[in-house]
file model.txt (compact mmCIF, C-alpha atoms)
# COMPACT_ATOMS: atom_id res chain seq x y z
CA MET N 1 115.80 75.68 129.80
CA THR N 2 117.30 72.35 128.71
CA SER N 3 118.91 70.11 131.27
CA SER N 4 122.36 68.74 130.63
CA THR N 5 121.14 65.36 129.48
CA ASP N 6 117.90 65.99 127.68
CA ALA N 7 117.47 67.16 124.16
CA PRO N 8 115.49 70.40 124.07
CA THR N 9 111.83 69.91 123.51
CA TYR N 10 110.70 73.12 121.92
CA GLY N 11 108.39 72.69 119.02
CA TYR N 12 110.78 74.06 116.52
CA SER N 13 113.66 71.73 117.34
CA ALA N 14 112.50 69.07 114.95
CA ARG N 15 112.74 71.52 112.11
CA LYS N 16 115.94 73.20 113.30
CA GLU N 17 117.87 72.51 110.12
CA SER N 18 115.07 73.80 107.92
CA HIS N 19 114.83 76.97 110.06
CA LEU N 20 118.55 77.61 109.87
CA LYS N 21 118.48 77.14 106.11
CA ARG N 22 115.65 79.60 105.81
CA LEU N 23 117.42 82.19 107.99
CA ARG N 24 120.63 81.79 105.99
CA ARG N 25 118.63 82.51 102.85
CA ILE N 26 117.21 85.67 104.50
CA GLU N 27 120.74 86.69 105.51
CA GLY N 28 121.67 86.32 101.84
CA GLN N 29 118.74 88.53 100.86
CA VAL N 30 119.91 91.24 103.28
CA ARG N 31 123.45 91.01 101.89
CA GLY N 32 121.96 91.29 98.40
CA LEU N 33 120.26 94.51 99.54
CA GLN N 34 123.62 95.91 100.63
CA ARG N 35 125.04 95.11 97.20
CA MET N 36 122.10 96.83 95.51
CA VAL N 37 122.55 99.99 97.61
CA ASP N 38 126.28 99.89 97.03
CA GLU N 39 125.82 99.60 93.26
CA ASP N 40 123.24 102.44 93.27
CA LYS N 41 120.42 100.26 91.97
CA TYR N 42 117.06 101.84 91.32
CA CYS N 43 115.12 102.52 94.56
CA ILE N 44 111.97 100.73 93.41
CA ASP N 45 113.96 97.56 92.70
CA ILE N 46 115.52 97.76 96.15
CA LEU N 47 112.07 98.20 97.69
CA THR N 48 110.85 95.07 95.89
CA GLN N 49 113.69 93.10 97.44
CA VAL N 50 113.05 94.56 100.90
CA ALA N 51 109.42 93.45 100.62
CA ALA N 52 110.60 89.94 99.69
CA ALA N 53 112.93 89.77 102.71
CA THR N 54 110.19 91.09 105.01
CA LYS N 55 107.76 88.47 103.72
CA ALA N 56 110.37 85.74 104.27
CA LEU N 57 110.85 86.85 107.89
CA GLN N 58 107.11 86.89 108.37
CA SER N 59 106.66 83.35 107.02
CA PHE N 60 109.41 82.25 109.35
CA SER N 61 107.57 83.76 112.34
CA LEU N 62 104.30 82.19 111.32
CA GLU N 63 105.89 78.76 111.14
CA LEU N 64 107.63 79.24 114.49
CA LEU N 65 104.41 80.39 116.06
CA ASP N 66 102.46 77.44 114.65
CA GLU N 67 105.00 75.05 116.15
CA HIS N 68 104.89 76.93 119.45
CA LEU N 69 101.11 76.68 119.65
CA GLY N 70 101.14 73.01 118.67
CA HIS N 71 103.79 72.10 121.22
CA CYS N 72 104.36 74.48 124.12
CA VAL N 73 100.78 75.78 124.38
CA VAL N 74 99.10 72.40 123.87
CA ASP N 75 101.53 70.72 126.30
CA ALA N 76 100.90 73.37 128.95
CA ALA N 77 97.15 72.98 128.49
CA GLN N 78 97.43 69.24 128.93
CA LYS N 79 99.44 69.61 132.11
CA GLY N 80 96.68 71.86 133.43
CA GLY N 81 97.16 74.56 135.98
CA ASP N 82 97.90 78.21 135.40
CA GLU N 83 100.68 77.60 132.96
CA ALA N 84 98.32 77.22 130.01
CA GLN N 85 96.86 80.68 130.51
CA GLU N 86 100.34 82.13 130.96
CA LYS N 87 101.45 80.50 127.69
CA VAL N 88 98.39 81.82 125.89
CA ARG N 89 99.02 85.34 127.18
CA GLU N 90 102.62 85.13 126.03
CA ALA N 91 101.64 83.79 122.61
CA SER N 92 98.98 86.49 122.20
CA GLU N 93 101.56 89.16 122.91
CA ALA N 94 103.91 87.64 120.36
CA ILE N 95 101.07 87.58 117.79
CA ALA N 96 100.30 91.26 118.49
CA ARG N 97 103.94 92.19 117.94
CA LEU N 98 103.87 90.24 114.68
CA VAL N 99 100.67 91.83 113.43
CA ARG N 100 101.94 95.30 114.29
CA SER N 101 105.39 94.82 112.81
CA MET A 1 80.35 73.04 120.62
CA THR A 2 77.03 74.12 122.12
CA SER A 3 74.98 71.64 124.04
CA SER A 4 71.27 71.45 123.32
CA THR A 5 70.25 73.60 126.27
CA ASP A 6 73.14 75.91 126.90
CA ALA A 7 74.10 79.14 125.32
CA PRO A 8 77.23 78.72 123.24
CA THR A 9 80.47 78.76 125.14
CA TYR A 10 82.92 80.33 122.74
CA GLY A 11 85.60 82.30 124.47
CA TYR A 12 84.29 85.60 123.30
CA SER A 13 80.76 85.16 124.64
CA ALA A 14 81.65 86.55 128.03
CA ARG A 15 82.73 89.77 126.42
CA LYS A 16 79.98 89.90 123.83
CA GLU A 17 78.70 93.29 124.90
CA SER A 18 82.15 94.81 124.89
CA HIS A 19 82.80 93.36 121.40
CA LEU A 20 79.53 94.72 120.04
CA LYS A 21 80.31 98.14 121.48
CA ARG A 22 83.72 98.11 119.87
CA LEU A 23 82.30 97.07 116.48
CA ARG A 24 79.63 99.78 116.69
CA ARG A 25 82.41 102.30 117.27
CA ILE A 26 84.25 100.99 114.19
CA GLU A 27 81.01 101.23 112.19
CA GLY A 28 80.84 104.86 113.30
CA GLN A 29 84.42 105.42 112.12
CA VAL A 30 83.56 104.00 108.69
CA ARG A 31 80.49 106.25 108.49
CA GLY A 32 82.73 109.16 109.48
CA LEU A 33 84.96 108.27 106.54
CA GLN A 34 81.97 108.45 104.19
CA ARG A 35 81.17 111.91 105.53
CA MET A 36 84.77 113.03 105.01
CA VAL A 37 84.79 111.81 101.39
CA ASP A 38 81.39 113.38 100.83
CA GLU A 39 82.57 116.74 102.18
CA ASP A 40 85.77 116.58 100.10
CA LYS A 41 88.07 116.56 103.09
CA TYR A 42 91.80 116.55 102.51
CA CYS A 43 93.08 113.11 101.45
CA ILE A 44 95.80 112.94 104.11
CA ASP A 45 93.19 113.53 106.85
CA ILE A 46 91.04 110.76 105.42
CA LEU A 47 94.05 108.44 105.35
CA THR A 48 94.72 109.17 109.03
CA GLN A 49 91.16 108.10 109.85
CA VAL A 50 91.41 104.97 107.70
CA ALA A 51 94.57 104.00 109.61
CA ALA A 52 92.67 104.50 112.90
CA ALA A 53 89.78 102.27 111.75
CA THR A 54 92.21 99.61 110.51
CA LYS A 55 94.04 99.62 113.85
CA ALA A 56 90.71 99.30 115.69
CA LEU A 57 89.76 96.25 113.58
CA GLN A 58 93.18 94.75 114.25
CA SER A 59 92.89 95.19 118.02
CA PHE A 60 89.50 93.55 117.84
CA SER A 61 90.99 90.53 116.03
CA LEU A 62 93.84 90.27 118.50
CA GLU A 63 91.42 90.19 121.40
CA LEU A 64 89.18 87.63 119.71
CA LEU A 65 92.18 85.48 118.92
CA ASP A 66 93.48 85.68 122.47
CA GLU A 67 90.09 84.50 123.76
CA HIS A 68 90.01 81.74 121.15
CA LEU A 69 93.44 80.43 122.17
CA GLY A 70 92.58 80.65 125.86
CA HIS A 71 89.28 78.82 125.47
CA CYS A 72 88.78 76.72 122.34
CA VAL A 73 92.43 75.73 121.84
CA VAL A 74 93.17 75.07 125.52
CA ASP A 75 89.91 73.12 125.92
CA ALA A 76 90.67 70.99 122.87
CA ALA A 77 94.17 70.31 124.19
CA GLN A 78 92.77 69.21 127.53
CA LYS A 79 90.29 66.85 125.89
CA GLY A 80 93.23 65.32 124.05
CA GLY A 81 92.95 63.55 120.73
CA ASP A 82 93.41 65.04 117.29
CA GLU A 83 91.17 67.99 117.91
CA ALA A 84 93.91 70.05 119.55
CA GLN A 85 96.14 69.83 116.48
CA GLU A 86 93.20 70.67 114.25
CA LYS A 87 92.40 73.74 116.39
CA VAL A 88 96.04 74.84 116.30
CA ARG A 89 96.17 74.50 112.51
CA GLU A 90 92.98 76.54 112.22
CA ALA A 91 94.29 79.22 114.60
CA SER A 92 97.61 79.40 112.76
CA GLU A 93 95.79 79.97 109.49
CA ALA A 94 93.74 82.75 111.08
CA ILE A 95 96.93 84.35 112.43
CA ALA A 96 98.53 84.19 108.98
CA ARG A 97 95.51 85.92 107.44
CA LEU A 98 95.74 88.57 110.14
CA VAL A 99 99.46 89.18 109.68
CA ARG A 100 99.05 89.41 105.93
CA SER A 101 95.99 91.67 106.02
CA MET G 1 90.50 124.58 100.04
CA THR G 2 87.60 124.85 97.56
CA SER G 3 86.49 128.27 96.37
CA SER G 4 82.82 129.06 96.21
CA THR G 5 82.60 128.47 92.50
CA ASP G 6 85.05 125.72 91.81
CA ALA G 7 84.57 122.07 92.33
CA PRO G 8 87.16 120.73 94.74
CA THR G 9 90.27 119.52 93.04
CA TYR G 10 91.55 116.76 95.29
CA GLY G 11 92.66 113.73 93.42
CA TYR G 12 89.93 111.57 94.79
CA SER G 13 87.01 113.79 93.81
CA ALA G 14 86.67 112.23 90.40
CA ARG G 15 86.09 108.89 92.01
CA LYS G 16 83.97 110.14 94.88
CA GLU G 17 81.01 107.92 94.06
CA SER G 18 83.17 104.84 93.74
CA HIS G 19 84.83 105.65 97.08
CA LEU G 20 81.50 106.12 98.84
CA LYS G 21 80.25 102.84 97.42
CA ARG G 22 83.34 101.06 98.67
CA LEU G 23 83.01 102.59 102.15
CA ARG G 24 79.33 101.64 102.31
CA ARG G 25 80.34 98.08 101.50
CA ILE G 26 82.90 98.16 104.33
CA GLU G 27 80.24 99.55 106.67
CA GLY G 28 78.10 96.56 105.69
CA GLN G 29 80.99 94.22 106.49
CA VAL G 30 81.34 95.78 109.97
CA ARG G 31 77.60 95.42 110.55
CA GLY G 32 77.90 91.80 109.42
CA LEU G 33 80.56 91.33 112.09
CA GLN G 34 78.17 92.65 114.74
CA ARG G 35 75.58 90.15 113.59
CA MET G 36 78.12 87.32 113.76
CA VAL G 37 79.12 88.24 117.32
CA ASP G 38 75.49 88.64 118.27
CA GLU G 39 74.62 85.20 116.90
CA ASP G 40 77.64 83.63 118.63
CA LYS G 41 79.30 82.53 115.43
CA TYR G 42 82.52 80.60 115.61
CA CYS G 43 85.52 82.86 116.41
CA ILE G 44 87.61 81.68 113.48
CA ASP G 45 84.81 82.58 111.06
CA ILE G 46 84.56 86.03 112.63
CA LEU G 47 88.33 86.46 112.30
CA THR G 48 88.13 85.61 108.60
CA GLN G 49 85.57 88.37 108.12
CA VAL G 50 87.62 90.86 110.14
CA ALA G 51 90.60 90.13 107.88
CA ALA G 52 88.39 90.77 104.83
CA ALA G 53 87.19 94.13 106.20
CA THR G 54 90.77 95.12 107.10
CA LYS G 55 91.95 94.27 103.59
CA ALA G 56 89.10 96.32 102.11
CA LEU G 57 90.09 99.34 104.21
CA GLN G 58 93.69 98.89 103.14
CA SER G 59 92.81 98.77 99.44
CA PHE G 60 90.80 101.92 99.93
CA SER G 61 93.82 103.69 101.48
CA LEU G 62 96.12 102.51 98.73
CA GLU G 63 93.80 103.92 96.08
CA LEU G 64 93.40 107.20 97.94
CA LEU G 65 97.14 107.49 98.34
CA ASP G 66 97.76 106.75 94.68
CA GLU G 67 95.36 109.53 93.71
CA HIS G 68 96.97 111.86 96.23
CA LEU G 69 100.45 111.25 94.84
CA GLY G 70 99.23 111.62 91.26
CA HIS G 71 97.42 114.88 91.95
CA CYS G 72 98.41 116.83 95.05
CA VAL G 73 102.07 115.79 95.13
CA VAL G 74 102.65 116.07 91.38
CA ASP G 75 100.82 119.44 91.28
CA ALA G 76 102.89 120.80 94.15
CA ALA G 77 106.09 119.62 92.47
CA GLN G 78 105.10 121.38 89.27
CA LYS G 79 104.39 124.63 91.08
CA GLY G 80 107.88 124.39 92.56
CA GLY G 81 108.91 125.90 95.84
CA ASP G 82 108.89 124.29 99.25
CA GLU G 83 105.39 122.93 98.97
CA ALA G 84 106.49 119.84 97.08
CA GLN G 85 108.83 118.76 99.88
CA GLU G 86 106.12 119.49 102.44
CA LYS G 87 103.64 117.34 100.49
CA VAL G 88 106.18 114.53 100.22
CA ARG G 89 106.87 114.65 103.96
CA GLU G 90 103.14 114.52 104.65
CA ALA G 91 102.61 111.62 102.23
CA SER G 92 105.54 109.71 103.71
CA GLU G 93 104.06 110.05 107.16
CA ALA G 94 100.71 108.78 105.89
CA ILE G 95 102.44 105.82 104.25
CA ALA G 96 104.25 105.02 107.51
CA ARG G 97 100.95 105.06 109.42
CA LEU G 98 99.50 102.74 106.78
CA VAL G 99 102.40 100.30 106.86
CA ARG G 100 102.34 100.19 110.65
CA SER G 101 98.57 99.83 110.95
CA MET L 1 119.05 108.02 84.98
CA THR L 2 122.79 108.55 85.46
CA SER L 3 124.69 110.66 82.99
CA SER L 4 127.90 109.30 81.56
CA THR L 5 130.17 111.21 83.90
CA ASP L 6 128.20 111.75 87.05
CA ALA L 7 127.63 109.58 90.00
CA PRO L 8 124.03 108.33 90.07
CA THR L 9 121.55 110.76 91.46
CA TYR L 10 118.96 108.56 93.06
CA GLY L 11 117.51 110.05 96.16
CA TYR L 12 119.10 107.56 98.43
CA SER L 13 122.67 108.11 97.25
CA ALA L 14 123.30 110.93 99.68
CA ARG L 15 122.56 108.61 102.54
CA LYS L 16 124.26 105.57 101.07
CA GLU L 17 126.61 105.07 104.00
CA SER L 18 123.79 105.34 106.52
CA HIS L 19 121.73 102.83 104.51
CA LEU L 20 124.59 100.35 104.32
CA LYS L 21 125.16 100.67 108.05
CA ARG L 22 121.50 100.01 108.72
CA LEU L 23 121.46 96.96 106.46
CA ARG L 24 124.60 95.58 108.10
CA ARG L 25 122.85 95.91 111.44
CA ILE L 26 119.84 93.99 110.05
CA GLU L 27 122.21 91.32 108.70
CA GLY L 28 123.59 91.05 112.24
CA GLN L 29 120.05 90.63 113.60
CA VAL L 30 119.40 87.78 111.15
CA ARG L 31 122.67 86.11 112.13
CA GLY L 32 121.63 86.54 115.77
CA LEU L 33 118.41 84.69 114.93
CA GLN L 34 120.42 81.79 113.51
CA ARG L 35 122.40 81.65 116.74
CA MET L 36 119.20 81.64 118.79
CA VAL L 37 117.73 78.76 116.76
CA ASP L 38 121.03 76.90 116.92
CA GLU L 39 121.17 77.27 120.71
CA ASP L 40 117.52 76.19 121.06
CA LYS L 41 116.39 79.45 122.57
CA TYR L 42 112.78 79.82 123.64
CA CYS L 43 110.43 80.34 120.64
CA ILE L 44 108.81 83.46 122.08
CA ASP L 45 112.21 85.12 122.48
CA ILE L 46 113.07 84.27 118.88
CA LEU L 47 109.73 85.70 117.73
CA THR L 48 110.51 88.96 119.56
CA GLN L 49 113.78 89.23 117.66
CA VAL L 50 112.11 88.41 114.32
CA ALA L 51 109.63 91.23 114.96
CA ALA L 52 112.55 93.61 115.65
CA ALA L 53 114.29 92.65 112.40
CA THR L 54 111.04 93.00 110.45
CA LYS L 55 110.47 96.46 111.90
CA ALA L 56 114.03 97.47 111.00
CA LEU L 57 113.50 96.36 107.39
CA GLN L 58 110.24 98.29 107.30
CA SER L 59 111.82 101.50 108.60
CA PHE L 60 114.49 101.10 105.95
CA SER L 61 111.81 100.83 103.21
CA LEU L 62 109.95 103.84 104.53
CA GLU L 63 113.10 105.95 104.43
CA LEU L 64 113.98 104.74 100.94
CA LEU L 65 110.47 105.47 99.75
CA ASP L 66 110.49 108.95 101.26
CA GLU L 67 113.72 109.74 99.44
CA HIS L 68 112.31 108.27 96.23
CA LEU L 69 109.19 110.45 96.41
CA GLY L 70 111.22 113.54 97.27
CA HIS L 71 113.68 113.03 94.44
CA CYS L 72 112.63 110.77 91.55
CA VAL L 73 108.89 111.51 91.71
CA VAL L 74 109.25 115.26 92.31
CA ASP L 75 111.92 115.52 89.58
CA ALA L 76 109.73 113.67 87.09
CA ALA L 77 106.78 115.91 87.95
CA GLN L 78 108.91 118.99 87.35
CA LYS L 79 110.08 117.73 83.97
CA GLY L 80 106.43 117.26 83.07
CA GLY L 81 105.18 114.75 80.54
CA ASP L 82 104.00 111.24 81.14
CA GLU L 83 106.95 110.24 83.26
CA ALA L 84 105.46 111.71 86.45
CA GLN L 85 102.37 109.50 86.20
CA GLU L 86 104.53 106.51 85.43
CA LYS L 87 106.68 107.22 88.50
CA VAL L 88 103.57 107.61 90.66
CA ARG L 89 102.15 104.32 89.42
CA GLU L 90 105.45 102.60 90.16
CA ALA L 91 105.66 104.17 93.63
CA SER L 92 102.05 103.20 94.40
CA GLU L 93 102.80 99.60 93.49
CA ALA L 94 105.84 99.63 95.76
CA ILE L 95 103.74 101.07 98.59
CA ALA L 96 101.11 98.35 98.08
CA ARG L 97 103.80 95.64 98.27
CA LEU L 98 105.08 97.26 101.46
CA VAL L 99 101.66 97.50 103.08
CA ARG L 100 100.87 93.90 102.20
CA SER L 101 104.23 92.50 103.27

call {"tool": "encode", "arguments": {"input": "model.txt", "output": "structure tokens"}}
result
Amino acid sequence: MTSSTDAPTYGYSARKESHLKRLRRIEGQVRGLQRMVDEDKYCIDILTQVAAATKALQSFSLELLDEHLGHCVVDAAQKGGDEAQEKVREASEAIARLVRS
Amino acid sequence: MTSSTDAPTYGYSARKESHLKRLRRIEGQVRGLQRMVDEDKYCIDILTQVAAATKALQSFSLELLDEHLGHCVVDAAQKGGDEAQEKVREASEAIARLVRS
Amino acid sequence: MTSSTDAPTYGYSARKESHLKRLRRIEGQVRGLQRMVDEDKYCIDILTQVAAATKALQSFSLELLDEHLGHCVVDAAQKGGDEAQEKVREASEAIARLVRS
Amino acid sequence: MTSSTDAPTYGYSARKESHLKRLRRIEGQVRGLQRMVDEDKYCIDILTQVAAATKALQSFSLELLDEHLGHCVVDAAQKGGDEAQEKVREASEAIARLVRS
């Protein structure tokens, strides 16, 4: 969706580095879970760490979604036309997947 | 957001009757839960009904939110100014409460 | 599951009154939601109240489940036989419905 | 909970390999997310993948919890004494963290 000369304009681009850092930390949490299973740690302690990783993924989605609403949805609304409603529909579906996951 | 003579124009107004119907059904589910507890029904069966009521409340929120994005947020974006960002921030907070509830 | 002379022995019976009180409060929250929709309250404020009612239903399930594990599951385990595994399977399914709702 | 000579007997040990495989797949999903952010993929597509990873972590917890109930909690109940109630309390707290995450 980006042309050869333009920088991408998605909402999250500005915070790309912070997102990557966050995802690398989550990757580390998942590797930590593997270590815990491998070392036969107590199930309840593993579950606590799974909940922490799940929460971290959720916060990441919420931030991404906030940026998406503030950029893509608002931009589409300002351009007018059908695109705004299409963007809203798409965002609503993403929110439903998030709430149900 | 309501002018002095008009009925309010929130996104959900158009579907007010359908929302009220849905909420009355959820009220009925909660009353059904009281009956189940009162008649000492089996805990697992009660839990199944609680999950159904929770899902119904969640679907209601998702619909309300979809209407809010499609009306209030899009309208604010089209008017321009700071209001759009304020509406997005507010919607994002509501989504976070939803995801975490 | 209750004989004609015995009081029922589900885990939650002891706290029946407290459960009914809690459910009546949730019913009140759902009626409050109907009033808010009826009076065309602002969508975000309605969403905040829906999240509160959802959380209340969830706390109710968690308490019910805790009592179920502490009574029905523990009792079945003490009796021995296949019933314990059946109760665990049933509880796990209820937990999955809860997590996904 | 492990004797001096035996391998640990937590419920999940029997399925250790399957758990590790599952977690490695989730690690791959998180690395895939980093790639998507790095390549400026569309936010909605990233959100879909975050929801998939979150669901995978949740299924993992549910399986772990099921094994925990079927082994540690049932075993404690059969031994009798206070340990069963302690195990139930601990499991209920883990379930609450899961439901709220």

call {"tool": "calpha_fit_and_write", "arguments": {"input": "model.txt", "fixed": "chain N", "moving": "chain A", "output": "compact mmCIF listing (two decimals) with C-alpha atoms, in the frame of the given file"}}
result
# COMPACT_ATOMS: atom_id res chain seq x y z
CA MET A 1 111.95 73.16 129.90
CA THR A 2 115.05 71.06 129.21
CA SER A 3 115.89 68.21 131.49
CA SER A 4 119.48 67.85 132.65
CA THR A 5 120.39 65.22 130.08
CA ASP A 6 118.17 65.86 127.12
CA ALA A 7 118.48 68.25 124.28
CA PRO A 8 115.87 70.97 124.54
CA THR A 9 112.44 70.06 123.32
CA TYR A 10 111.07 73.29 121.93
CA GLY A 11 108.72 72.77 119.06
CA TYR A 12 111.10 74.17 116.53
CA SER A 13 114.01 71.87 117.36
CA ALA A 14 112.83 69.18 114.98
CA ARG A 15 113.03 71.63 112.13
CA LYS A 16 116.20 73.35 113.27
CA GLU A 17 118.10 72.66 110.07
CA SER A 18 115.27 73.90 107.90
CA HIS A 19 115.01 77.08 110.03
CA LEU A 20 118.74 77.75 109.80
CA LYS A 21 118.63 77.28 106.04
CA ARG A 22 115.76 79.71 105.75
CA LEU A 23 117.53 82.32 107.91
CA ARG A 24 120.73 81.93 105.88
CA ARG A 25 118.68 82.63 102.76
CA ILE A 26 117.25 85.77 104.39
CA GLU A 27 120.78 86.83 105.37
CA GLY A 28 121.69 86.45 101.71
CA GLN A 29 118.73 88.64 100.71
CA VAL A 30 119.88 91.36 103.12
CA ARG A 31 123.41 91.17 101.71
CA GLY A 32 121.89 91.41 98.23
CA LEU A 33 120.18 94.61 99.35
CA GLN A 34 123.53 96.05 100.43
CA ARG A 35 124.94 95.25 97.00
CA MET A 36 121.97 96.93 95.30
CA VAL A 37 122.39 100.11 97.38
CA ASP A 38 126.13 100.03 96.78
CA GLU A 39 125.65 99.74 93.01
CA ASP A 40 123.04 102.53 93.01
CA LYS A 41 120.24 100.33 91.77
CA TYR A 42 116.86 101.88 91.13
CA CYS A 43 114.95 102.55 94.37
CA ILE A 44 111.78 100.74 93.26
CA ASP A 45 113.81 97.57 92.55
CA ILE A 46 115.38 97.79 95.99
CA LEU A 47 111.94 98.21 97.55
CA THR A 48 110.73 95.07 95.77
CA GLN A 49 113.61 93.12 97.33
CA VAL A 50 112.98 94.60 100.78
CA ALA A 51 109.35 93.46 100.52
CA ALA A 52 110.57 89.95 99.61
CA ALA A 53 112.92 89.81 102.63
CA THR A 54 110.18 91.12 104.93
CA LYS A 55 107.76 88.46 103.67
CA ALA A 56 110.40 85.77 104.21
CA LEU A 57 110.92 86.90 107.83
CA GLN A 58 107.16 86.90 108.34
CA SER A 59 106.75 83.35 107.02
CA PHE A 60 109.52 82.28 109.33
CA SER A 61 107.69 83.80 112.33
CA LEU A 62 104.42 82.19 111.32
CA GLU A 63 106.05 78.78 111.17
CA LEU A 64 107.82 79.27 114.50
CA LEU A 65 104.59 80.40 116.08
CA ASP A 66 102.67 77.44 114.70
CA GLU A 67 105.26 75.08 116.21
CA HIS A 68 105.14 76.98 119.50
CA LEU A 69 101.34 76.68 119.73
CA GLY A 70 101.43 73.02 118.76
CA HIS A 71 104.11 72.13 121.29
CA CYS A 72 104.68 74.54 124.18
CA VAL A 73 101.09 75.80 124.46
CA VAL A 74 99.43 72.40 123.98
CA ASP A 75 101.88 70.76 126.41
CA ALA A 76 101.23 73.42 129.04
CA ALA A 77 97.48 72.99 128.59
CA GLN A 78 97.79 69.24 129.06
CA LYS A 79 99.83 69.66 132.24
CA GLY A 80 97.04 71.88 133.53
CA GLY A 81 97.53 74.59 136.11
CA ASP A 82 98.23 78.25 135.50
CA GLU A 83 101.00 77.64 133.04
CA ALA A 84 98.64 77.24 130.09
CA GLN A 85 97.14 80.69 130.61
CA GLU A 86 100.60 82.17 131.02
CA LYS A 87 101.73 80.54 127.75
CA VAL A 88 98.63 81.82 125.96
CA ARG A 89 99.22 85.36 127.23
CA GLU A 90 102.83 85.17 126.06
CA ALA A 91 101.82 83.81 122.64
CA SER A 92 99.14 86.48 122.24
CA GLU A 93 101.70 89.18 122.93
CA ALA A 94 104.04 87.67 120.34
CA ILE A 95 101.20 87.58 117.80
CA ALA A 96 100.38 91.23 118.50
CA ARG A 97 104.01 92.21 117.92
CA LEU A 98 103.94 90.25 114.67
CA VAL A 99 100.72 91.80 113.42
CA ARG A 100 101.96 95.27 114.26
CA SER A 101 105.43 94.81 112.76

call {"tool": "residues_near_point", "arguments": {"input": "model.txt", "point": "(105.2, 106.4, 91.3)", "cutoff": "12 Å", "atoms": "only C-alpha atoms", "output": "PDB file with C-alpha atoms, in the frame of the given file"}}
result
ATOM      1  CA  CYS N  43     115.120 102.520  94.560  1.00  0.00           C
ATOM      2  CA  ILE N  44     111.970 100.730  93.410  1.00  0.00           C
TER       3      ILE N  44
ATOM      4  CA  LEU G  65      97.140 107.490  98.340  1.00  0.00           C
ATOM      5  CA  ASP G  66      97.760 106.750  94.680  1.00  0.00           C
ATOM      6  CA  GLU G  67      95.360 109.530  93.710  1.00  0.00           C
ATOM      7  CA  HIS G  68      96.970 111.860  96.230  1.00  0.00           C
ATOM      8  CA  LEU G  69     100.450 111.250  94.840  1.00  0.00           C
ATOM      9  CA  GLY G  70      99.230 111.620  91.260  1.00  0.00           C
ATOM     10  CA  HIS G  71      97.420 114.880  91.950  1.00  0.00           C
ATOM     11  CA  VAL G  73     102.070 115.790  95.130  1.00  0.00           C
ATOM     12  CA  VAL G  74     102.650 116.070  91.380  1.00  0.00           C
TER      13      VAL G  74
ATOM     14  CA  LEU L  65     110.470 105.470  99.750  1.00  0.00           C
ATOM     15  CA  ASP L  66     110.490 108.950 101.260  1.00  0.00           C
ATOM     16  CA  HIS L  68     112.310 108.270  96.230  1.00  0.00           C
ATOM     17  CA  LEU L  69     109.190 110.450  96.410  1.00  0.00           C
ATOM     18  CA  GLY L  70     111.220 113.540  97.270  1.00  0.00           C
ATOM     19  CA  HIS L  71     113.680 113.030  94.440  1.00  0.00           C
ATOM     20  CA  CYS L  72     112.630 110.770  91.550  1.00  0.00           C
ATOM     21  CA  VAL L  73     108.890 111.510  91.710  1.00  0.00           C
ATOM     22  CA  VAL L  74     109.250 115.260  92.310  1.00  0.00           C
ATOM     23  CA  ASP L  75     111.920 115.520  89.580  1.00  0.00           C
ATOM     24  CA  ALA L  76     109.730 113.670  87.090  1.00  0.00           C
ATOM     25  CA  ALA L  77     106.780 115.910  87.950  1.00  0.00           C
ATOM     26  CA  ASP L  82     104.000 111.240  81.140  1.00  0.00           C
ATOM     27  CA  GLU L  83     106.950 110.240  83.260  1.00  0.00           C
ATOM     28  CA  ALA L  84     105.460 111.710  86.450  1.00  0.00           C
ATOM     29  CA  GLN L  85     102.370 109.500  86.200  1.00  0.00           C
ATOM     30  CA  GLU L  86     104.530 106.510  85.430  1.00  0.00           C
ATOM     31  CA  LYS L  87     106.680 107.220  88.500  1.00  0.00           C
ATOM     32  CA  VAL L  88     103.570 107.610  90.660  1.00  0.00           C
ATOM     33  CA  ARG L  89     102.150 104.320  89.420  1.00  0.00           C
ATOM     34  CA  GLU L  90     105.450 102.600  90.160  1.00  0.00           C
ATOM     35  CA  ALA L  91     105.660 104.170  93.630  1.00  0.00           C
ATOM     36  CA  SER L  92     102.050 103.200  94.400  1.00  0.00           C
ATOM     37  CA  GLU L  93     102.800  99.600  93.490  1.00  0.00           C
ATOM     38  CA  ALA L  94     105.840  99.630  95.760  1.00  0.00           C
ATOM     39  CA  ILE L  95     103.740 101.070  98.590  1.00  0.00           C
ATOM     40  CA  ALA L  96     101.110  98.350  98.080  1.00  0.00           C
TER      41      ALA L  96
END

call {"tool": "atom_distance", "arguments": {"input": "model.txt", "atom1": "atom CA of N:Gln58", "atom2": "atom CA of N:Gln34"}}
result
20.3 Å

call {"tool": "closest_residue", "arguments": {"input": "model.txt", "among": "G:Leu23, G:Val30, G:Ile46, G:Ala51", "to": "N:Val99", "atoms": "only C-alpha atoms"}}
result
G:Ala51

call {"tool": "residues_around", "arguments": {"input": "model.txt", "residues": "A:Arg25", "least_positions_apart": "2", "cutoff": "12 Å", "atoms": "all atoms listed in the file", "output": "compact mmCIF listing (two decimals) with C-alpha atoms, in the coordinates of the input"}}
result
# COMPACT_ATOMS: atom_id res chain seq x y z
CA SER A 18 82.15 94.81 124.89
CA HIS A 19 82.80 93.36 121.40
CA LEU A 20 79.53 94.72 120.04
CA LYS A 21 80.31 98.14 121.48
CA ARG A 22 83.72 98.11 119.87
CA LEU A 23 82.30 97.07 116.48
CA GLU A 27 81.01 101.23 112.19
CA GLY A 28 80.84 104.86 113.30
CA GLN A 29 84.42 105.42 112.12
CA VAL A 30 83.56 104.00 108.69
CA ARG A 31 80.49 106.25 108.49
CA GLY A 32 82.73 109.16 109.48
CA ALA A 52 92.67 104.50 112.90
CA ALA A 53 89.78 102.27 111.75
CA ALA A 56 90.71 99.30 115.69
CA LEU A 57 89.76 96.25 113.58
CA PHE A 60 89.50 93.55 117.84
CA GLU G 27 80.24 99.55 106.67
CA VAL G 30 81.34 95.78 109.97
CA ARG G 31 77.60 95.42 110.55
CA GLN G 34 78.17 92.65 114.74
